[in-house]
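Trainee: One structure coming up, written as C-alpha cells, with questions to follow.
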There are 2 protein chains.
Amino acid sequence: MDLDTVRTFVAAADAGRFQEAAAELAVTQQAVSKRIAALERDLGVRLFTRTPRGAELTIDGQAFLPHARELLRAADRAVASVRAGRRPLRVDVLNSRGAASGLMRSFHRAHPDIDLDVVMLFDIERAVAAVRSGAIDASFRAVAMPGRPLPDDIESVRVLDEPLQLLTGPAHALAGARSVTVAQLAGHRIWMPGLVPGTEWAAYYDDLVAEFGLTIEATGPNFGSDALLDTIADTPALATFMGGQTRVVWPAGHGLRRIPVTDPMPVYPHSLLWHRDNPHPALATLRAHLAATAAGHDAAGTWAPDWAISRRTPPPRA
Amino acid sequence: MDLDTVRTFVAAADAGRFQEAAAELAVTQQAVSKRIAALERDLGVRLFTRTPRGAELTIDGQAFLPHARELLRAADRAVASVRAGRRPLRVDVLNSRGAASGLMRSFHRAHPDIDLDVVMLFDIERAVAAVRSGAIDASFRAVAMPGRPLPDDIESVRVLDEPLQLLTGPAHALAGARSVTVAQLAGHRIWMPGLVPGTEWAAYYDDLVAEFGLTIEATGPNFGSDALLDTIADTPALATFMGGQTRVVWPAGHGLRRIPVTDPMPVYPHSLLWHRDNPHPALATLRAHLAATAAGHDAAGTWAPDWAISRRTPPPRA
DNA sequence: CCCGGCCACAACCAACGGTTGTGTCCCTAG
DNA sequence: CTAGGGACACAACCGTTGGTTGTGGCCGGG
C-alpha cells in the first residue's frame with residue numbers, strides 16, 4: 001500500500017469528486033481513478049459509488065476513511081521525528097524500563113501536547129557527543145566517568161536517585177528476606193550480563209564492587225532481560241541488580257523476588273544533561289517539570305560514586 | 001513514502017543486518033540497500049550506520065523507529081477495517097455529535113480492546129438495508145418510518161431517549177428562559193436546514209409540528225452545523241432544535257443558549273437495530289453493555305411519535 | 001434533445017524498483 | 001601476514017508500475 005494512494009483516497013472522499021481531488025493533487029482525473037481502483041483492488045472492497053455527479057463513499061469507504069486519516073497523521077509524525085529543526089524533543093535514557101522512562105512518562109502526562117522521542121544511546125560518552133552535536137536534546141545519565149568531567153557547554157542537574165534492588169529466584173538463600181544489607185551480599189554471586197567495560201554504568205558497578213567487596217559477574221552474552229530473568233528465576237545461586245523503579249513484566253508464578261538493599265542503600269543517580277545553547281522550547285518545559293516534580297534526594301544512608309553525581313548548580317531558568 | 005519501504009526499515013532495524021532483513025522480506029540484499037537509501041534520501045537523514053558486520057541505527061533512526069512501527073500498525077488497522085469477516089464492529093449513528101456517539105464512546109471506554117468503526121448512513125431505510133446485508137453490524141436510529149415496520153429479521157431495542165433542546169442566540173425572545181413549554185414555541189421560527197423529506201428524522205419533526213402546531217423551516221442549503229450556529233447566534237428571530245446530549249464546540253462569548261423544552265418534553269428515541277443472525281462477537285458485548293448502562297427511559301411527561309419507538313422485546317441473550 | 005460534467009477504459013511512455021554481477025571494506029582464522 | 005568470508009554499495013539491465021493523452025459512456029439540466 002502506498003501513502004500517496006491513501007492521500008488520494010482522502011482527498012477524493014473530502015472533495016466528493018475525483019476531478020477536484022485530481023486538481024488538488026496536481027494529477028489528472030484518470031490518475032485518481034486508477035489509484036482508487038488499485039486501492040479497491042488491494043483491499044478487496046469498493047470504496048466509492050461512482051455517479052454521474054461525482055463519487056460518494058460506500059459504507060466500507062466510510063469505515064476506512066478515519067483509518068486513512070490516522071495513517072496519514074502517523075506518516076506526518078514519522079517524518080517530523082527526523083526533520084531538522086523544530087522536531088520533537090529527543091531524550092536519551094539509560095534503558096527503556098528504568099527511572100528515566102518513568103520521568104518521561106510523567107512529563108508526557110503533564111504535557112501531552114509536546115511531541116517526544118526517546119532513544120537509548122550506548123554510554124555517557126556518546127550521549128555527551130550527541131547532546132553537543134544537537135542530535136539529541138537531553139540525556140538522563142550518571143553525569144560522568146571517573147576522571148572525565150563534563151565539558152563546559154554541557155549543563156546538568158541531578159533529578160532522581162534510583163535505589164538498586166536485588167532480584168532473586170524463589171530458591172535463592174536471600175529470597176525470604178524483607179531487605180538485605182550490602183554486607184550480606186558479600187559472597188553471593190551477582191550476575192549482570194551485558195555490563196560493557198568502559199561505560200559509565202559498568203564503572204558504577206566497579207565502584208560498588210570495590211567499595212563493599214561484592215562479586216559481580218558480567219560473563220556471558222546478554223540475551224536480553226527476558227532470558228536474564230528466566231535464568232535468575234531458575235538458578236538458586238544467582239541474583240542480579242535491578243533499578244528499583246524498573247517495571248518488570250513477568251508472568252506470575254515464577255516467584256521472582258525484589259529485595260531492597262540497605263546500609264547503605266546503593267542508588268543510581270540520574271541527572272539530566274543538556275547543551276547550554278540548545279534552543280528547543282520543550283527543553284525548558286522539561287527542566288521546569290523535573291524541577292517541580294523531583295523528589296528531594298536524601299543523601300542520608302545512600303551510596304553513589306562521587307564522579308557520578310552532578311554537583312554544579314545550573315543557572316536559574318530565564 | 002511507501003509502506004513497503006517502512007516495513008523494510010523496521011525489518012532491517014530489528015535484524016541489525018540488511019541481509020537478514022532481505023531474507024525475511026524475500027528480496028535480495030541489494031533491494032533492501034536501495035530501499036533504505038531511498039528512504040534516507042527522502043527523509044534527508046541517515047538512518048543506519050553501515051559497518052562491516054551489519055547496520056545499526058543512528059540516533060535519527062532510533063527516533064524514527066517507533067514512529068515507523070506505529071505507521072505499520074495504523075496501516076494494519078486500516079486494512080482490517082474493511083476486511084471481510086472479523087472486521088471491527090461497525091455501527092451507524094445518526095450524527096457524529098448526538099447521543100449515539102456518546103453511547104459508543106462509553107462502550108469504547110468500557111471495552112477499549114474492541115475495535116470499532118462508526119459510520120453515518122443517510123436514513124433508516126439505508127441503515128436497515130446495510131444491517132440486513134451485513135455491511136454494518138448495528139445502527140442507532142428511531143426504529144421505523146410511519147407505515148413501514150421493521151422487517152422480521154431485524155431486531156431492535158430502545159436504548160436512549162434524547163431530549164430535544166432549543167438553541168437560541170442571546171437576543172432571542174426566549175433567550176432568558178430557564179425552560180420553555182412546547183406551547184410557548186408556537187409562533188416562533190425554528191430553523192432546521194438539512195431536513196430531508198422522506199427520512200425518518202424529517203418525519204419525526206413533521207409529527208412534532210403536526211401535534212403541537214410549531215413552525216419549522218427547512219429552507220436553504222445546509223452548510224454544516226458551524227454555519228447554522230453562526231446564524232442562530234446572530235439572528236434574534238431564529239432558533240433551532242438540538243439533541244440534548246449533543247456536544248457543542250463553540251467559542252465562548254457568542255452567547256448561545258440551550259433551553260430545555262417541557263410539557264411535554266420531546267425526546268428523540270434511539271434504538272439499537274441489528275440483524276437477527278449477525279455473528280459478530282462484539283455485537284453481543286455491545287448489547288450487553290447497553291442493557292447494563294441504559295437509563296430506564298421514563299415515558300412520563302415525554303413525547304415521541306408512536307412509530308419511532310421499538311416495542312418489540314428482544315429475546316434474552318444466549 | 002443536446003450539451004456539459006464526470007468517471008472509466010485503452011494506448012503509450014517514462015521512471016521506479018527489482019535482479020544479477022561485481023567491488024570494497026574489515027574482521028578473523030590460519 | 002595473508003587468505004577467506006561476510007556484509008554493504010554501485011552499476012547495468014529489465015519488467016512492471018503508474019503517469020499522461022485520447023476517447024467513450026452515462027446521466028441530469030437547459
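By convention in this document, the chains of the C-alpha cells carry letters A, B, ... by their order, each chain's residues are numbered from 1, and ligands are numbered from 1 in the order they are shown.
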Tell me the residues of chain A close to chain D, meaning within 8 Å using only C-alpha atoms (C1' of nucleotides), as a ChimeraX atom specification.
Mentor: /A:28,31,52
Trainee: Dump C-alpha atoms for the selected residues as a JSON list (two decimals), in the first residue's frame?
Mentor:
```
[["chain", "number", "residue", "atom", "x", "y", "z"],
["A", 28, "THR", "CA", -5.12, 14.07, -13.93],
["A", 31, "ALA", "CA", -4.68, 9.04, -12.39],
["A", 52, "PRO", "CA", -22.51, 10.95, -12.96]]
```
Trainee: Enumerate as a ChimeraX atom specification the residues belonging to chain B that approach chain C to within 12 Å, with only C-alpha atoms (C1' of nucleotides) taken into account.
Mentor: /B:2,4-5,26-35,38,50-54
Trainee: Could you turn the residues from that selection into a file that holds C-alpha atoms, as a CSV table (one decimal), in the first residue's frame?
Mentor:
```
chain,number,residue,atom,x,y,z
B,2,ASP,CA,5.9,3.7,0.6
B,4,ASP,CA,7.0,-1.4,1.9
B,5,THR,CA,9.9,0.8,2.5
B,26,ALA,CA,12.1,-12.4,0.3
B,27,VAL,CA,14.1,-9.9,-1.7
B,28,THR,CA,17.8,-9.5,-2.3
B,29,GLN,CA,20.2,-7.6,0.0
B,30,GLN,CA,20.7,-5.1,-2.8
B,31,ALA,CA,16.9,-4.3,-2.8
B,32,VAL,CA,17.0,-3.6,0.9
B,33,SER,CA,20.0,-1.4,0.5
B,34,LYS,CA,18.3,0.6,-2.2
B,35,ARG,CA,15.1,0.9,-0.3
B,38,ALA,CA,15.8,5.9,-0.9
B,50,ARG,CA,26.8,0.7,7.9
B,51,THR,CA,29.5,-1.5,9.4
B,52,PRO,CA,31.3,-4.5,8.0
B,53,ARG,CA,29.3,-6.6,10.5
B,54,GLY,CA,25.8,-5.2,9.7
```
Trainee: Write out as a ChimeraX atom specification the set of residues from stretch 128-225 of chain A that DSSP, computed on the backbone, places in helix (DSSP H, G or I).
Mentor: /A:128-133,182-185,200-212,225
Trainee: Would you mind reading off the distance between atom CA of B:Ala239 and atom CA of B:Ser96, one decimal, in Å?
Mentor: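 Pair atom CA of B:Ala239 / atom CA of B:Ser96 returns 21.1 Å.
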Trainee: Distance table requested - chain B against chain A, cut-off 10 Å, only C-alpha atoms: one row per qualifying residue with the closest atom pair and its distance in Å to one decimal, ordered by chain and rising residue number, as a tab-separated table.
Mentor:
```
residue	atom	partner	partner_atom	distance
B:Met1	CA	A:Leu3	CA	6.1
B:Asp2	CA	A:Asp2	CA	4.9
B:Leu3	CA	A:Asp2	CA	6.0
B:Asp4	CA	A:Met1	CA	7.4
B:Thr5	CA	A:Asp2	CA	9.7
B:Asp42	CA	A:Val79	CA	9.4
B:Leu43	CA	A:Val79	CA	6.8
B:Gly44	CA	A:Arg83	CA	7.9
B:Val45	CA	A:Val82	CA	7.1
B:Arg46	CA	A:Val82	CA	9.6
B:Leu47	CA	A:Val82	CA	9.4
B:Thr58	CA	A:Leu121	CA	9.5
B:Ile59	CA	A:Ala135	CA	6.9
B:Asp60	CA	A:Val82	CA	5.9
B:Gly61	CA	A:Val82	CA	8.1
B:Gln62	CA	A:Val119	CA	5.8
B:Ala63	CA	A:Asp117	CA	5.6
B:Phe64	CA	A:Ser81	CA	6.0
B:Leu65	CA	A:Ala78	CA	8.4
B:Pro66	CA	A:Ala78	CA	8.3
B:His67	CA	A:Ala78	CA	4.9
B:Ala68	CA	A:Ala78	CA	6.3
B:Arg69	CA	A:Ala78	CA	9.4
B:Glu70	CA	A:Ala74	CA	7.0
B:Leu71	CA	A:Ala74	CA	5.5
B:Leu72	CA	A:Leu71	CA	8.5
B:Arg73	CA	A:Leu71	CA	8.9
B:Ala74	CA	A:Leu71	CA	5.5
B:Ala75	CA	A:Leu71	CA	6.2
B:Asp76	CA	A:His67	CA	9.5
B:Arg77	CA	A:His67	CA	7.0
B:Ala78	CA	A:His67	CA	4.9
B:Val79	CA	A:Leu43	CA	6.7
B:Ala80	CA	A:Phe64	CA	8.9
B:Ser81	CA	A:Phe64	CA	6.0
B:Val82	CA	A:Asp60	CA	5.9
B:Arg83	CA	A:Leu43	CA	7.4
B:Ala84	CA	A:Gly44	CA	8.5
B:Pro88	CA	A:Ala63	CA	9.3
B:Arg90	CA	A:Ala63	CA	7.5
B:Val91	CA	A:Ala63	CA	9.4
B:Asp92	CA	A:Ile59	CA	9.4
B:Leu116	CA	A:Ala63	CA	9.2
B:Asp117	CA	A:Ala63	CA	5.7
B:Val118	CA	A:Ala63	CA	6.6
B:Val119	CA	A:Gln62	CA	5.9
B:Met120	CA	A:Gln62	CA	7.9
B:Leu121	CA	A:Ile59	CA	7.8
B:Ala130	CA	A:Ile59	CA	8.3
B:Ala135	CA	A:Ile59	CA	6.8
B:Ile136	CA	A:Ile59	CA	7.7
```
Trainee: With C-alpha atoms retained, export the selected residues as a CSV table (one decimal), in the first residue's frame.
Mentor:
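Contents of selection15.csv, as written:
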```csv
chain,number,residue,atom,x,y,z
B,1,MET,CA,6.7,7.4,1.1
B,2,ASP,CA,5.9,3.7,0.6
B,3,LEU,CA,4.8,1.4,3.4
B,4,ASP,CA,7.0,-1.4,1.9
B,5,THR,CA,9.9,0.8,2.5
B,42,ASP,CA,13.5,11.2,1.2
B,43,LEU,CA,13.9,12.0,4.9
B,44,GLY,CA,17.1,13.8,4.5
B,45,VAL,CA,18.8,12.0,7.3
B,46,ARG,CA,21.0,8.9,7.7
B,47,LEU,CA,19.1,6.1,9.4
B,58,THR,CA,21.7,6.1,14.1
B,59,ILE,CA,20.1,8.4,16.6
B,60,ASP,CA,17.7,9.6,13.9
B,61,GLY,CA,17.0,6.0,13.1
B,62,GLN,CA,16.2,5.3,16.7
B,63,ALA,CA,13.8,8.2,16.9
B,64,PHE,CA,12.2,7.2,13.6
B,65,LEU,CA,11.7,3.5,14.5
B,66,PRO,CA,8.8,3.8,16.9
B,67,HIS,CA,7.0,6.1,14.5
B,68,ALA,CA,7.6,3.6,11.7
B,69,ARG,CA,6.2,0.8,13.8
B,70,GLU,CA,3.1,2.9,14.6
B,71,LEU,CA,2.7,3.7,11.0
B,72,LEU,CA,2.6,0.0,10.1
B,73,ARG,CA,0.2,-0.7,12.9
B,74,ALA,CA,-2.1,2.1,11.6
B,75,ALA,CA,-1.9,0.5,8.1
B,76,ASP,CA,-2.9,-2.9,9.6
B,77,ARG,CA,-5.8,-1.3,11.3
B,78,ALA,CA,-6.9,0.5,8.2
B,79,VAL,CA,-6.8,-2.7,6.2
B,80,ALA,CA,-8.6,-4.6,9.0
B,81,SER,CA,-11.4,-2.0,8.9
B,82,VAL,CA,-12.6,-3.3,5.6
B,83,ARG,CA,-11.6,-6.9,5.8
B,84,ALA,CA,-14.5,-9.2,5.1
B,88,PRO,CA,-14.1,-4.2,13.6
B,90,ARG,CA,-19.3,-1.3,12.5
B,91,VAL,CA,-22.0,0.9,13.9
B,92,ASP,CA,-24.2,3.5,12.3
B,116,LEU,CA,-14.9,0.0,16.4
B,117,ASP,CA,-15.8,1.8,13.3
B,118,VAL,CA,-18.5,4.4,13.3
B,119,VAL,CA,-20.3,5.4,10.1
B,120,MET,CA,-23.2,7.7,9.3
B,121,LEU,CA,-25.8,6.5,6.9
B,130,ALA,CA,-27.0,-2.2,5.4
B,135,ALA,CA,-22.3,-4.1,5.6
B,136,ILE,CA,-22.9,-2.8,9.1
```
Trainee: Take atom CA of A:Tyr268 and atom CA of A:Gly243 and report the distance between them in Å, one decimal.
Mentor: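 Calculated distance between atom CA of A:Tyr268 and atom CA of A:Gly243 is 7.8 Å.
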Trainee: Give me, please, the distance in Å between atom CA of B:Trp191 and atom CA of B:Thr240, quoted to one decimal.
Mentor: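 Atom CA of B:Trp191 sits 5.1 Å away from atom CA of B:Thr240.
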Trainee: Extract the full set of strand (DSSP E or B) residues from stretch 78-267 of chain B according to DSSP on the backbone, and format it as a PyMOL selection string.
Mentor: chain B and resi 89-92+116-119+138-141+145+148+154-168+180-181+189-191+215-217+238-243+257-262+265-267
Trainee: Filtering to N, CA and C atoms, could you give me those residues as a compact mmCIF listing (two decimals), in the first residue's frame?
Mentor:
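Generated file (selection.txt):
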```txt
# COMPACT_ATOMS: atom_id res chain seq x y z
N LEU B 89 -16.20 -3.98 14.76
CA LEU B 89 -17.65 -3.79 14.84
C LEU B 89 -18.01 -2.45 14.20
N ARG B 90 -18.97 -2.51 13.28
CA ARG B 90 -19.27 -1.31 12.50
C ARG B 90 -20.68 -0.84 12.85
N VAL B 91 -20.77 0.36 13.36
CA VAL B 91 -22.03 0.86 13.90
C VAL B 91 -22.39 2.18 13.21
N ASP B 92 -23.66 2.29 12.86
CA ASP B 92 -24.18 3.52 12.25
C ASP B 92 -24.80 4.40 13.31
N LEU B 116 -13.64 -0.56 16.87
CA LEU B 116 -14.91 0.00 16.44
C LEU B 116 -14.73 0.83 15.19
N ASP B 117 -15.76 0.85 14.35
CA ASP B 117 -15.83 1.83 13.29
C ASP B 117 -17.22 2.43 13.30
N VAL B 118 -17.27 3.74 13.26
CA VAL B 118 -18.54 4.43 13.28
C VAL B 118 -18.79 5.04 11.91
N VAL B 119 -19.95 4.78 11.35
CA VAL B 119 -20.32 5.36 10.06
C VAL B 119 -21.64 6.12 10.25
N ALA B 138 -24.67 -2.81 13.37
CA ALA B 138 -25.72 -2.27 14.21
C ALA B 138 -25.96 -0.82 13.84
N SER B 139 -27.11 -0.31 14.25
CA SER B 139 -27.46 1.06 13.93
C SER B 139 -28.25 1.67 15.08
N PHE B 140 -27.90 2.91 15.41
CA PHE B 140 -28.70 3.65 16.38
C PHE B 140 -29.66 4.54 15.61
N ARG B 141 -30.95 4.27 15.73
CA ARG B 141 -31.94 5.00 14.95
C ARG B 141 -33.27 5.02 15.69
N MET B 145 -40.21 4.09 9.89
CA MET B 145 -40.91 5.21 9.28
C MET B 145 -42.40 4.94 9.48
N ARG B 148 -44.12 1.87 7.83
CA ARG B 148 -43.15 0.90 7.33
C ARG B 148 -42.49 0.20 8.50
N ILE B 154 -34.79 -8.11 11.46
CA ILE B 154 -34.10 -7.03 12.18
C ILE B 154 -34.66 -6.94 13.59
N GLU B 155 -33.79 -6.99 14.56
CA GLU B 155 -34.23 -6.83 15.93
C GLU B 155 -33.85 -5.45 16.42
N SER B 156 -34.55 -5.01 17.44
CA SER B 156 -34.27 -3.67 17.94
C SER B 156 -34.59 -3.60 19.42
N VAL B 157 -33.91 -2.71 20.09
CA VAL B 157 -34.20 -2.46 21.49
C VAL B 157 -33.96 -0.98 21.76
N ARG B 158 -34.87 -0.38 22.47
CA ARG B 158 -34.79 1.05 22.75
C ARG B 158 -33.69 1.28 23.78
N VAL B 159 -32.80 2.16 23.50
CA VAL B 159 -31.66 2.33 24.40
C VAL B 159 -31.58 3.71 25.04
N LEU B 160 -32.07 4.73 24.37
CA LEU B 160 -31.90 6.05 24.94
C LEU B 160 -32.89 7.03 24.33
N ASP B 161 -33.54 7.80 25.19
CA ASP B 161 -34.36 8.91 24.72
C ASP B 161 -33.58 10.20 24.90
N GLU B 162 -33.31 10.86 23.80
CA GLU B 162 -32.52 12.09 23.87
C GLU B 162 -33.46 13.29 23.84
N PRO B 163 -33.51 14.06 24.93
CA PRO B 163 -34.44 15.19 24.94
C PRO B 163 -34.00 16.28 23.97
N LEU B 164 -34.98 16.88 23.31
CA LEU B 164 -34.68 17.99 22.42
C LEU B 164 -34.51 19.26 23.24
N GLN B 165 -33.56 20.07 22.82
CA GLN B 165 -33.41 21.37 23.46
C GLN B 165 -33.48 22.46 22.41
N LEU B 166 -33.89 23.63 22.85
CA LEU B 166 -33.96 24.77 21.95
C LEU B 166 -32.61 25.49 22.01
N LEU B 167 -32.12 25.87 20.85
CA LEU B 167 -30.87 26.61 20.79
C LEU B 167 -31.17 28.00 20.23
N THR B 168 -30.82 29.03 20.98
CA THR B 168 -31.09 30.40 20.52
C THR B 168 -29.85 31.27 20.68
N VAL B 180 -38.62 26.17 28.44
CA VAL B 180 -39.80 26.62 27.71
C VAL B 180 -40.73 25.42 27.53
N THR B 181 -42.05 25.71 27.45
CA THR B 181 -43.00 24.65 27.15
C THR B 181 -43.17 24.57 25.64
N ARG B 189 -40.05 31.06 15.01
CA ARG B 189 -39.48 30.40 13.83
C ARG B 189 -38.34 29.48 14.25
N ILE B 190 -38.50 28.25 13.92
CA ILE B 190 -37.46 27.27 14.22
C ILE B 190 -36.86 26.81 12.90
N TRP B 191 -35.55 26.93 12.81
CA TRP B 191 -34.88 26.71 11.52
C TRP B 191 -34.04 25.45 11.59
N THR B 215 -43.70 25.86 14.05
CA THR B 215 -43.25 26.31 12.74
C THR B 215 -41.79 25.91 12.58
N ILE B 216 -41.54 24.94 11.72
CA ILE B 216 -40.16 24.54 11.46
C ILE B 216 -39.86 24.79 10.00
N GLU B 217 -38.83 25.55 9.74
CA GLU B 217 -38.42 25.83 8.36
C GLU B 217 -37.19 25.00 8.03
N LEU B 238 -34.57 33.68 15.05
CA LEU B 238 -34.43 32.26 14.72
C LEU B 238 -33.95 31.46 15.92
N ALA B 239 -34.45 30.23 15.98
CA ALA B 239 -33.93 29.26 16.95
C ALA B 239 -33.83 27.92 16.22
N THR B 240 -33.26 26.93 16.87
CA THR B 240 -33.21 25.61 16.25
C THR B 240 -33.29 24.55 17.33
N PHE B 241 -33.55 23.32 16.92
CA PHE B 241 -33.56 22.21 17.86
C PHE B 241 -32.22 21.49 17.82
N MET B 242 -31.89 20.95 18.96
CA MET B 242 -30.63 20.23 19.04
C MET B 242 -30.78 19.14 20.08
N GLY B 243 -30.15 18.00 19.79
CA GLY B 243 -30.21 16.90 20.75
C GLY B 243 -29.61 17.33 22.07
N ARG B 257 -27.66 29.96 23.73
CA ARG B 257 -28.37 29.43 24.89
C ARG B 257 -29.00 28.09 24.55
N ARG B 258 -28.86 27.16 25.44
CA ARG B 258 -29.55 25.87 25.30
C ARG B 258 -30.67 25.84 26.32
N ILE B 259 -31.86 25.65 25.85
CA ILE B 259 -33.02 25.76 26.74
C ILE B 259 -33.83 24.46 26.69
N PRO B 260 -34.01 23.80 27.82
CA PRO B 260 -34.82 22.57 27.84
C PRO B 260 -36.27 22.87 27.45
N VAL B 261 -36.89 21.91 26.83
CA VAL B 261 -38.29 22.03 26.41
C VAL B 261 -39.12 21.08 27.26
N THR B 262 -40.29 21.56 27.74
CA THR B 262 -41.11 20.74 28.65
C THR B 262 -42.58 20.78 28.23
N MET B 265 -41.93 16.97 27.26
CA MET B 265 -40.55 17.05 26.79
C MET B 265 -40.40 16.19 25.53
N PRO B 266 -40.15 16.80 24.37
CA PRO B 266 -39.96 15.97 23.19
C PRO B 266 -38.63 15.24 23.27
N VAL B 267 -38.67 13.95 23.06
CA VAL B 267 -37.43 13.16 23.08
C VAL B 267 -37.27 12.44 21.76
```
Trainee: Contacts of B:Ala202 at 12 Å or less, counting only C-alpha atoms (C1' of nucleotides), minus same-chain residues fewer than 2 places along, as a list in words?
Mentor: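 That gives Phe122, Asp123, Ile124, Ala142, Met145, Pro146, Met192, Pro193, Gly194, Leu195, Val196, Pro197, Gly198, Thr199, Glu200, Tyr204, Tyr205, Asp206, Asp207, Leu208, Val209, Ile216, Glu217, Ala218, Tyr268, Pro305 and Ala308 of chain B.
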Trainee: Please dump the current selection as a short mmCIF file (atom, residue, chain, number, x, y, z; two decimals), in the first residue's frame; keep N, CA and C atoms.
Mentor:
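What landed in selection-v6.cif:
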```cif
data_model
loop_
_atom_site.label_atom_id
_atom_site.label_comp_id
_atom_site.auth_asym_id
_atom_site.auth_seq_id
_atom_site.Cartn_x
_atom_site.Cartn_y
_atom_site.Cartn_z
N PHE B 122 -27.52 7.53 5.58
CA PHE B 122 -28.42 8.62 5.25
C PHE B 122 -29.71 8.57 6.05
N ASP B 123 -30.37 7.42 6.07
CA ASP B 123 -31.64 7.32 6.78
C ASP B 123 -31.89 5.90 7.22
N ILE B 124 -33.01 5.69 7.88
CA ILE B 124 -33.32 4.37 8.43
C ILE B 124 -33.43 3.32 7.33
N ALA B 142 -34.11 5.97 15.31
CA ALA B 142 -35.53 5.77 15.57
C ALA B 142 -35.95 4.63 14.65
N MET B 145 -40.21 4.09 9.89
CA MET B 145 -40.91 5.21 9.28
C MET B 145 -42.40 4.94 9.48
N PRO B 146 -43.19 5.99 9.45
CA PRO B 146 -44.64 5.75 9.58
C PRO B 146 -45.11 4.78 8.51
N MET B 192 -34.28 24.52 10.70
CA MET B 192 -33.51 23.28 10.68
C MET B 192 -33.10 22.94 9.25
N PRO B 193 -32.11 23.64 8.73
CA PRO B 193 -31.69 23.33 7.36
C PRO B 193 -31.12 21.91 7.30
N GLY B 194 -31.29 21.29 6.17
CA GLY B 194 -30.76 19.94 6.01
C GLY B 194 -31.76 18.86 6.37
N LEU B 195 -32.96 19.25 6.69
CA LEU B 195 -34.01 18.26 6.98
C LEU B 195 -34.52 17.72 5.64
N VAL B 196 -34.20 16.49 5.32
CA VAL B 196 -34.52 15.95 4.01
C VAL B 196 -35.84 15.19 4.06
N PRO B 197 -36.84 15.59 3.28
CA PRO B 197 -38.12 14.88 3.28
C PRO B 197 -37.93 13.41 2.94
N GLY B 198 -38.70 12.57 3.59
CA GLY B 198 -38.61 11.14 3.31
C GLY B 198 -37.71 10.38 4.27
N THR B 199 -36.97 11.11 5.09
CA THR B 199 -36.13 10.43 6.07
C THR B 199 -36.90 10.30 7.38
N GLU B 200 -36.45 9.40 8.25
CA GLU B 200 -37.18 9.21 9.49
C GLU B 200 -37.02 10.39 10.43
N TYR B 204 -40.00 12.67 12.01
CA TYR B 204 -40.12 12.98 13.43
C TYR B 204 -40.54 14.43 13.63
N TYR B 205 -39.86 15.34 12.95
CA TYR B 205 -40.19 16.75 13.14
C TYR B 205 -41.53 17.09 12.49
N ASP B 206 -41.89 16.38 11.42
CA ASP B 206 -43.23 16.56 10.85
C ASP B 206 -44.29 16.25 11.89
N ASP B 207 -44.12 15.15 12.59
CA ASP B 207 -45.08 14.78 13.62
C ASP B 207 -45.11 15.81 14.75
N LEU B 208 -43.92 16.29 15.11
CA LEU B 208 -43.84 17.29 16.17
C LEU B 208 -44.61 18.55 15.77
N VAL B 209 -44.39 18.98 14.54
CA VAL B 209 -45.08 20.15 14.01
C VAL B 209 -46.59 19.93 14.02
N ILE B 216 -41.54 24.94 11.72
CA ILE B 216 -40.16 24.54 11.46
C ILE B 216 -39.86 24.79 10.00
N GLU B 217 -38.83 25.55 9.74
CA GLU B 217 -38.42 25.83 8.36
C GLU B 217 -37.19 25.00 8.03
N ALA B 218 -37.28 24.30 6.93
CA ALA B 218 -36.13 23.51 6.49
C ALA B 218 -35.51 24.13 5.24
N TYR B 268 -36.03 12.31 21.32
CA TYR B 268 -35.75 11.53 20.12
C TYR B 268 -35.36 10.14 20.59
N PRO B 305 -43.07 10.18 18.58
CA PRO B 305 -44.05 9.53 17.70
C PRO B 305 -44.12 8.04 17.99
N ALA B 308 -41.87 5.66 15.99
CA ALA B 308 -40.42 5.78 16.14
C ALA B 308 -39.88 4.94 17.29
#
```
